[in-house]
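Novice: File name start15.cif; file contents mmCIF, C-alpha atoms; full text below.
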```cif
data_input
#
loop_
_atom_site.label_atom_id
_atom_site.label_comp_id
_atom_site.auth_asym_id
_atom_site.auth_seq_id
_atom_site.Cartn_x
_atom_site.Cartn_y
_atom_site.Cartn_z
CA MET Y 1 -3.42 -3.00 26.22
CA ARG Y 2 -4.72 -1.00 23.24
CA TYR Y 3 -6.41 1.41 25.67
CA ILE Y 4 -3.12 1.99 27.51
CA VAL Y 5 -1.28 2.64 24.24
CA ILE Y 6 -3.91 5.16 23.14
CA VAL Y 7 -3.95 6.94 26.49
CA THR Y 8 -0.15 7.09 26.62
CA LEU Y 9 0.10 8.29 23.06
CA GLY Y 10 -2.70 10.73 23.81
CA LEU Y 11 -0.02 12.93 25.32
CA VAL Y 12 1.35 13.49 21.82
CA ILE Y 13 -1.87 13.36 19.79
CA MET Y 14 -1.61 15.62 16.81
CA ALA Y 15 -4.56 17.21 15.12
CA CYS Y 16 -3.72 17.65 11.47
CA MET Y 17 -5.27 20.76 9.99
CA LEU Y 18 -6.67 20.47 6.51
CA VAL Y 19 -6.34 23.51 4.31
CA SER Y 20 -7.76 21.73 1.31
CA MET Y 21 -10.38 24.29 0.37
CA GLY Y 22 -9.34 24.23 -3.28
CA LYS Y 23 -10.43 26.82 -5.80
CA LYS Y 24 -13.87 28.22 -5.12
CA GLU Y 25 -16.02 30.74 -6.85
CA GLY Y 26 -14.98 34.25 -5.95
CA PHE Y 27 -11.25 33.58 -5.74
CA SER Y 28 -9.33 36.03 -7.86
CA GLU Y 29 -6.16 34.84 -9.56
CA ALA Y 30 -5.45 38.40 -10.70
CA LYS Y 31 -5.38 39.67 -7.12
CA ALA Y 32 -3.40 36.74 -5.75
CA THR Y 33 -0.72 37.61 -3.24
CA THR Y 34 2.35 35.51 -2.75
CA LYS Y 35 3.68 36.78 0.55
CA GLY Y 36 5.05 34.19 2.94
CA LYS Y 37 3.12 32.27 5.56
CA GLY Y 38 4.07 31.98 9.22
CA ILE Y 39 3.11 30.15 12.39
CA ALA Y 40 2.80 31.53 15.91
CA LEU Y 41 2.77 28.98 18.70
CA LEU Y 42 3.16 28.69 22.41
CA MET Y 43 4.72 25.33 23.22
CA ARG Y 44 5.84 23.35 26.21
CA LYS Y 45 8.16 20.34 26.05
CA PRO Y 46 7.74 19.61 22.33
CA VAL Y 47 8.03 15.98 21.26
CA ASP Y 48 10.04 16.41 18.06
CA LEU Y 49 10.56 20.08 17.28
CA PRO Y 50 13.12 19.60 14.45
CA LEU Y 51 10.77 17.27 12.58
CA TRP Y 52 7.80 19.58 13.23
CA LEU Y 53 9.75 22.53 11.78
CA LYS Y 54 10.92 20.45 8.80
CA HIS Y 55 7.34 19.42 7.97
CA HIS Y 56 6.11 23.01 7.94
CA ARG Y 57 9.11 24.38 6.07
CA GLU Y 58 8.48 21.82 3.33
CA MET Y 59 4.89 23.03 3.15
CA GLY Y 60 6.05 26.60 2.57
CA ILE Y 61 6.03 28.14 6.06
CA SER Y 62 8.81 30.73 6.09
CA LYS Y 63 8.63 32.18 9.62
CA PHE Y 64 8.01 30.76 13.09
CA TYR Y 65 7.20 32.81 16.19
CA VAL Y 66 7.70 30.59 19.23
CA ARG Y 67 7.06 31.07 22.93
CA LEU Y 68 8.74 28.15 24.68
CA GLU Y 69 7.51 27.59 28.23
CA ASP Y 70 9.07 25.37 30.92
CA THR Y 71 11.47 23.81 28.42
CA PRO Y 72 15.19 24.37 28.99
CA GLY Y 73 17.85 23.07 26.64
CA TRP Y 74 16.67 24.37 23.26
CA LYS Y 75 18.54 27.71 23.15
CA GLU Y 76 21.50 26.59 21.03
CA TYR Y 77 19.24 24.80 18.55
CA LEU Y 78 16.74 27.67 18.24
CA ASP Y 79 19.51 30.28 17.94
CA ALA Y 80 20.71 28.42 14.83
CA GLN Y 81 17.25 28.52 13.17
CA LYS Y 82 17.23 31.73 11.13
CA ASP Y 83 13.49 31.52 10.45
CA VAL Y 84 12.56 31.14 14.14
CA GLN Y 85 11.97 34.14 16.40
CA TYR Y 86 11.53 32.86 19.93
CA GLU Y 87 11.24 33.71 23.57
CA THR Y 88 11.44 31.54 26.67
CA ALA Y 89 9.15 31.85 29.65
CA GLU Y 90 7.61 30.06 32.58
CA SER Y 91 4.02 28.86 32.54
CA ASP Y 92 1.51 29.86 35.19
CA LYS Y 93 2.37 27.42 37.98
CA ALA Y 94 -0.73 28.28 40.00
CA ASN Y 95 -3.38 27.99 37.30
CA ASN Y 96 -1.76 27.11 33.97
CA TYR Y 97 -4.81 25.63 32.24
CA GLU Y 98 -7.08 28.57 33.01
CA THR Y 99 -4.58 31.19 31.84
CA LEU Y 100 -3.15 29.38 28.80
CA GLN Y 101 -5.57 30.92 26.29
CA LYS Y 102 -4.85 34.40 27.61
CA ARG Y 103 -1.11 33.85 27.11
CA GLN Y 104 -1.72 32.43 23.63
CA VAL Y 105 -3.87 35.40 22.58
CA GLU Y 106 -1.27 37.85 23.85
CA PHE Y 107 1.59 36.04 22.11
CA VAL Y 108 -0.24 35.62 18.79
CA ASN Y 109 -1.16 39.32 18.77
CA ARG Y 110 2.47 40.28 19.44
CA SER Y 111 3.55 37.91 16.67
CA LEU Y 112 1.07 39.52 14.28
CA ALA Y 113 2.49 42.94 15.17
CA SER Y 114 6.05 41.69 14.52
CA ALA Y 115 4.99 40.17 11.20
CA ARG Y 116 3.27 43.40 10.13
CA LYS Y 117 6.42 45.36 10.96
CA GLU Y 118 8.64 42.93 9.03
CA GLY Y 119 6.27 43.06 6.04
CA LYS Y 120 7.18 39.64 4.59
CA LEU Y 121 4.16 37.52 5.57
CA GLY Y 122 0.67 37.48 4.14
CA TRP Y 123 -0.89 34.99 6.60
CA LEU Y 124 -0.13 33.79 10.13
CA PHE Y 125 -1.38 30.45 11.50
CA HIS Y 126 -1.90 29.59 15.15
CA VAL Y 127 -1.28 25.89 15.81
CA ASP Y 128 0.40 23.90 18.57
CA SER Y 129 3.53 21.76 18.55
CA ASP Y 130 1.43 18.57 18.59
CA GLU Y 131 -0.48 19.70 15.48
CA LEU Y 132 0.39 19.78 11.81
CA ILE Y 133 -0.96 21.87 8.96
CA GLU Y 134 -1.73 19.86 5.83
CA GLY Y 135 -2.87 21.00 2.40
CA ASP Y 136 -2.01 23.50 -0.31
CA LEU Y 137 -1.13 26.84 1.26
CA ALA Y 138 -1.45 28.55 -2.13
CA VAL Y 139 -5.22 28.51 -1.59
CA LEU Y 140 -4.70 31.41 0.82
CA ASP Y 141 -3.17 33.52 -1.94
CA ARG Y 142 -6.41 33.23 -3.91
CA GLN Y 143 -8.70 34.42 -1.13
CA PRO Y 144 -10.53 37.66 -1.89
CA PRO Y 145 -9.22 40.62 0.15
CA GLU Y 146 -12.34 40.83 2.31
CA ILE Y 147 -11.53 37.39 3.78
CA LYS Y 148 -9.35 38.24 6.78
CA THR Y 149 -9.40 34.97 8.76
CA ILE Y 150 -10.04 31.29 8.13
CA THR Y 151 -10.80 28.33 10.38
CA MET Y 152 -9.44 24.86 9.66
CA GLN Y 153 -11.13 21.65 10.74
CA ASN Y 154 -9.31 19.35 13.15
CA VAL Y 155 -8.36 15.84 12.11
CA GLU Y 156 -7.06 13.72 14.99
CA ALA Y 157 -4.39 11.06 14.62
CA VAL Y 158 -5.10 7.55 15.94
CA TYR Y 159 -2.14 5.38 16.87
CA ASP Y 160 -1.78 1.60 16.92
CA GLY Y 161 1.61 1.58 18.64
CA THR Y 162 3.75 0.80 15.58
CA GLU Y 163 4.58 4.40 14.66
CA GLN Y 164 8.18 5.50 15.07
CA THR Y 165 7.37 9.16 15.71
CA CYS Y 166 4.27 11.15 16.51
CA PHE Y 167 4.16 12.18 12.83
CA ASP Y 168 3.69 8.64 11.46
CA ALA Y 169 0.01 7.98 12.12
CA HIS Y 170 -1.94 6.30 9.31
CA LYS Y 171 -5.50 6.65 10.60
CA PHE Y 172 -7.32 9.89 11.35
CA LEU Y 173 -10.64 10.98 12.82
CA ARG Y 174 -12.46 13.98 11.36
CA CYS Y 175 -13.43 16.07 14.38
CA GLY Y 176 -16.34 18.44 14.73
CA ASP Y 177 -18.80 16.52 12.55
CA GLY Y 178 -21.12 15.76 15.47
CA LYS Y 179 -20.56 12.00 15.13
CA THR Y 180 -16.85 11.41 15.77
CA LYS Y 181 -15.61 11.23 19.34
CA CYS Y 182 -12.23 12.93 19.22
CA ARG Y 183 -10.06 13.09 22.33
CA SER Y 184 -8.93 16.61 21.49
CA TYR Y 185 -11.17 19.64 21.18
CA ALA Y 186 -12.91 19.89 17.83
CA ASN Y 187 -13.44 23.60 17.22
CA GLY Y 188 -10.70 23.97 14.61
CA LYS Y 189 -7.66 26.19 14.27
CA SER Y 190 -7.25 29.57 12.70
CA ALA Y 191 -5.12 31.70 10.40
CA GLY Y 192 -5.35 35.41 9.78
CA ARG Y 193 -4.05 37.96 7.34
CA VAL Y 194 -1.04 39.89 8.51
CA GLU Y 195 -2.60 43.31 8.31
CA ASP Y 196 -4.10 46.00 10.52
CA GLY Y 197 -7.37 45.09 12.21
CA VAL Y 198 -6.65 41.35 12.46
CA SER Y 199 -6.12 39.89 15.93
#
```
Using structure tokens, write down the structure that the file contains.

Specialist:
Amino acid sequence: MRYIVIVTLGLVIMACMLVSMGKKEGFSEAKATTKGKGIALLMRKPVDLPLWLKHHREMGISKFYVRLEDTPGWKEYLDAQKDVQYETAESDKANNYETLQKRQVEFVNRSLASARKEGKLGWLFHVDSDELIEGDLAVLDRQPPEIKTITMQNVEAVYDGTEQTCFDAHKFLRCGDGKTKCRSYANGKSAGRVEDGVS
């Protein structure tokens, strides 16, 4: 039974991203920037989009660029979200898995261009709707200017079946350490500065 619960819940596994780098040598308080942070994501049939947005707003995310594929019924809700810029589209019905990364790259690069034009964001994350960012985002403001991108390690939620939402997991696996067998990929997630030359 436990195996069935895990496999079923595997459809909504979230990989929490840790941005807990803390202060490190070389960070410059004097050069700290305090521009906003944003997220660009391509999503399909999100599990609990309002709660996902709430979590990231409370962390300090001020702008969301969303490409919503194969998911009707969200227009009225998204139109009411002043911090969400979105588009709707269809996925690649013939070969969705093989072309997903290409669509993500194209959308993130367009989102970066929009953010540069708007001039309000300092950093843009790329995560998915079944993933959460965790940690102190102020650490990004202390990065030296030559740091243009960062990679965050994946931490995968493990469910026991008692959680009320996909955001209520209490146990996590640290992915990418060579020992832990995560069900999701373990190569991390990224964020980049909103400036020329970053893609």

Novice: Using atom CA of Thr71 of chain Y and atom CA of Ile39 of chain Y as the two end points, give the distance in Å to one decimal.

Specialist: 19.2 Å

Novice: With distances taken over all atoms listed in the file, which of Y:Arg103, Y:Lys63, Y:Lys189, Y:Arg142 is nearest to Gln85 of chain Y?

Specialist: Y:Lys63

Novice: Could you write out as a compact mmCIF listing (two decimals) with C-alpha atoms, in the frame of the given file the residues that the PyMOL selection byres ((chain Y and resi 45-51) around 10) matches in the shown file?

Specialist:
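To be explicit, this is the file written out as part.txt:
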```
# COMPACT_ATOMS: atom_id res chain seq x y z
CA LEU Y 11 -0.02 12.93 25.32
CA VAL Y 12 1.35 13.49 21.82
CA MET Y 43 4.72 25.33 23.22
CA ARG Y 44 5.84 23.35 26.21
CA TRP Y 52 7.80 19.58 13.23
CA LEU Y 53 9.75 22.53 11.78
CA LYS Y 54 10.92 20.45 8.80
CA HIS Y 55 7.34 19.42 7.97
CA HIS Y 56 6.11 23.01 7.94
CA ARG Y 57 9.11 24.38 6.07
CA LEU Y 68 8.74 28.15 24.68
CA GLU Y 69 7.51 27.59 28.23
CA ASP Y 70 9.07 25.37 30.92
CA THR Y 71 11.47 23.81 28.42
CA PRO Y 72 15.19 24.37 28.99
CA TRP Y 74 16.67 24.37 23.26
CA TYR Y 77 19.24 24.80 18.55
CA LEU Y 78 16.74 27.67 18.24
CA GLN Y 81 17.25 28.52 13.17
CA ASP Y 128 0.40 23.90 18.57
CA SER Y 129 3.53 21.76 18.55
CA ASP Y 130 1.43 18.57 18.59
CA THR Y 165 7.37 9.16 15.71
CA CYS Y 166 4.27 11.15 16.51
CA PHE Y 167 4.16 12.18 12.83
```

Novice: One number please: atom CA of Arg174 of chain Y to atom CA of His126 of chain Y, in Å, one decimal.

Specialist: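 So the two atoms, atom CA of Arg174 of chain Y and atom CA of His126 of chain Y, lie 19.2 Å apart.
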
Novice: Using only C-alpha atoms and a cutoff of 8 Å, can you tell me which residues are near (-9.7, 11.1, 11.8) in the file's coordinates, and write them out as a PyMOL selection string?

Specialist: chain Y and resi 155-158+171-175

Novice: Do a neighbour search on segment 150-153 of chain Y at 6 Å with only C-alpha atoms, toss out local chain neighbours closer than 5 positions, and write the hits as an MDAnalysis selection string.

Specialist: chainID Y and resid 17 188:191

Novice: Give me, please, the distance in Å between atom CA of Gly161 of chain Y and atom CA of Leu132 of chain Y, quoted to one decimal.

Specialist: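 Atom-to-atom, atom CA of Gly161 of chain Y to atom CA of Leu132 of chain Y, that is 19.5 Å.
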
Novice: Evaluate the PyMOL selection byres ((chain Y and resi 62) around 7) on the structure here and hand back the selected residues as a compact mmCIF listing (two decimals) with C-alpha atoms, in the coordinates of the input.

Specialist:
```
# COMPACT_ATOMS: atom_id res chain seq x y z
CA GLY Y 36 5.05 34.19 2.94
CA LYS Y 37 3.12 32.27 5.56
CA GLY Y 38 4.07 31.98 9.22
CA ARG Y 57 9.11 24.38 6.07
CA GLY Y 60 6.05 26.60 2.57
CA ILE Y 61 6.03 28.14 6.06
CA LYS Y 63 8.63 32.18 9.62
CA ASP Y 83 13.49 31.52 10.45
```

Novice: Using the chain letters and numbers from this file, what does the PyMOL selection byres ((chain Y and resi 193) around 6) select? Give the answer as a PyMOL selection string.

Specialist: chain Y and resi 122-123+148+192+194-195

Novice: Quick one: segment 33-44 of chain Y with N, CA, C and O atoms, as a PDB file, keeping the file's coordinate frame?

Specialist:
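This went into out.pdb:
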```
ATOM      1  N   THR Y  33      -1.933  37.140  -3.895  1.00  0.00           N
ATOM      2  CA  THR Y  33      -0.720  37.610  -3.240  1.00  0.00           C
ATOM      3  C   THR Y  33       0.172  36.404  -2.996  1.00  0.00           C
ATOM      4  O   THR Y  33      -0.308  35.298  -2.835  1.00  0.00           O
ATOM      5  N   THR Y  34       1.445  36.635  -2.968  1.00  0.00           N
ATOM      6  CA  THR Y  34       2.350  35.510  -2.750  1.00  0.00           C
ATOM      7  C   THR Y  34       3.302  35.772  -1.589  1.00  0.00           C
ATOM      8  O   THR Y  34       4.408  35.270  -1.569  1.00  0.00           O
ATOM      9  N   LYS Y  35       2.855  36.572  -0.642  1.00  0.00           N
ATOM     10  CA  LYS Y  35       3.680  36.780   0.550  1.00  0.00           C
ATOM     11  C   LYS Y  35       3.795  35.478   1.319  1.00  0.00           C
ATOM     12  O   LYS Y  35       2.978  34.575   1.180  1.00  0.00           O
ATOM     13  N   GLY Y  36       4.809  35.397   2.171  1.00  0.00           N
ATOM     14  CA  GLY Y  36       5.050  34.190   2.940  1.00  0.00           C
ATOM     15  C   GLY Y  36       3.949  33.894   3.951  1.00  0.00           C
ATOM     16  O   GLY Y  36       3.068  34.707   4.205  1.00  0.00           O
ATOM     17  N   LYS Y  37       4.042  32.703   4.509  1.00  0.00           N
ATOM     18  CA  LYS Y  37       3.120  32.270   5.560  1.00  0.00           C
ATOM     19  C   LYS Y  37       3.941  31.940   6.804  1.00  0.00           C
ATOM     20  O   LYS Y  37       5.057  31.431   6.706  1.00  0.00           O
ATOM     21  N   GLY Y  38       3.375  32.234   7.965  1.00  0.00           N
ATOM     22  CA  GLY Y  38       4.070  31.980   9.220  1.00  0.00           C
ATOM     23  C   GLY Y  38       3.199  31.252  10.212  1.00  0.00           C
ATOM     24  O   GLY Y  38       1.992  31.094  10.005  1.00  0.00           O
ATOM     25  N   ILE Y  39       3.819  30.813  11.289  1.00  0.00           N
ATOM     26  CA  ILE Y  39       3.110  30.150  12.390  1.00  0.00           C
ATOM     27  C   ILE Y  39       3.526  30.814  13.691  1.00  0.00           C
ATOM     28  O   ILE Y  39       4.708  31.072  13.913  1.00  0.00           O
ATOM     29  N   ALA Y  40       2.547  31.083  14.536  1.00  0.00           N
ATOM     30  CA  ALA Y  40       2.800  31.530  15.910  1.00  0.00           C
ATOM     31  C   ALA Y  40       2.335  30.424  16.844  1.00  0.00           C
ATOM     32  O   ALA Y  40       1.221  29.925  16.692  1.00  0.00           O
ATOM     33  N   LEU Y  41       3.188  30.024  17.774  1.00  0.00           N
ATOM     34  CA  LEU Y  41       2.770  28.980  18.700  1.00  0.00           C
ATOM     35  C   LEU Y  41       3.429  29.129  20.057  1.00  0.00           C
ATOM     36  O   LEU Y  41       4.570  29.579  20.164  1.00  0.00           O
ATOM     37  N   LEU Y  42       2.665  28.797  21.052  1.00  0.00           N
ATOM     38  CA  LEU Y  42       3.160  28.690  22.410  1.00  0.00           C
ATOM     39  C   LEU Y  42       3.315  27.195  22.665  1.00  0.00           C
ATOM     40  O   LEU Y  42       2.358  26.441  22.479  1.00  0.00           O
ATOM     41  N   MET Y  43       4.508  26.757  23.024  1.00  0.00           N
ATOM     42  CA  MET Y  43       4.720  25.330  23.220  1.00  0.00           C
ATOM     43  C   MET Y  43       5.434  25.036  24.530  1.00  0.00           C
ATOM     44  O   MET Y  43       6.095  25.901  25.095  1.00  0.00           O
ATOM     45  N   ARG Y  44       5.251  23.809  24.952  1.00  0.00           N
ATOM     46  CA  ARG Y  44       5.840  23.350  26.210  1.00  0.00           C
ATOM     47  C   ARG Y  44       6.305  21.916  26.011  1.00  0.00           C
ATOM     48  O   ARG Y  44       5.523  21.053  25.648  1.00  0.00           O
TER      49      ARG Y  44
END
```
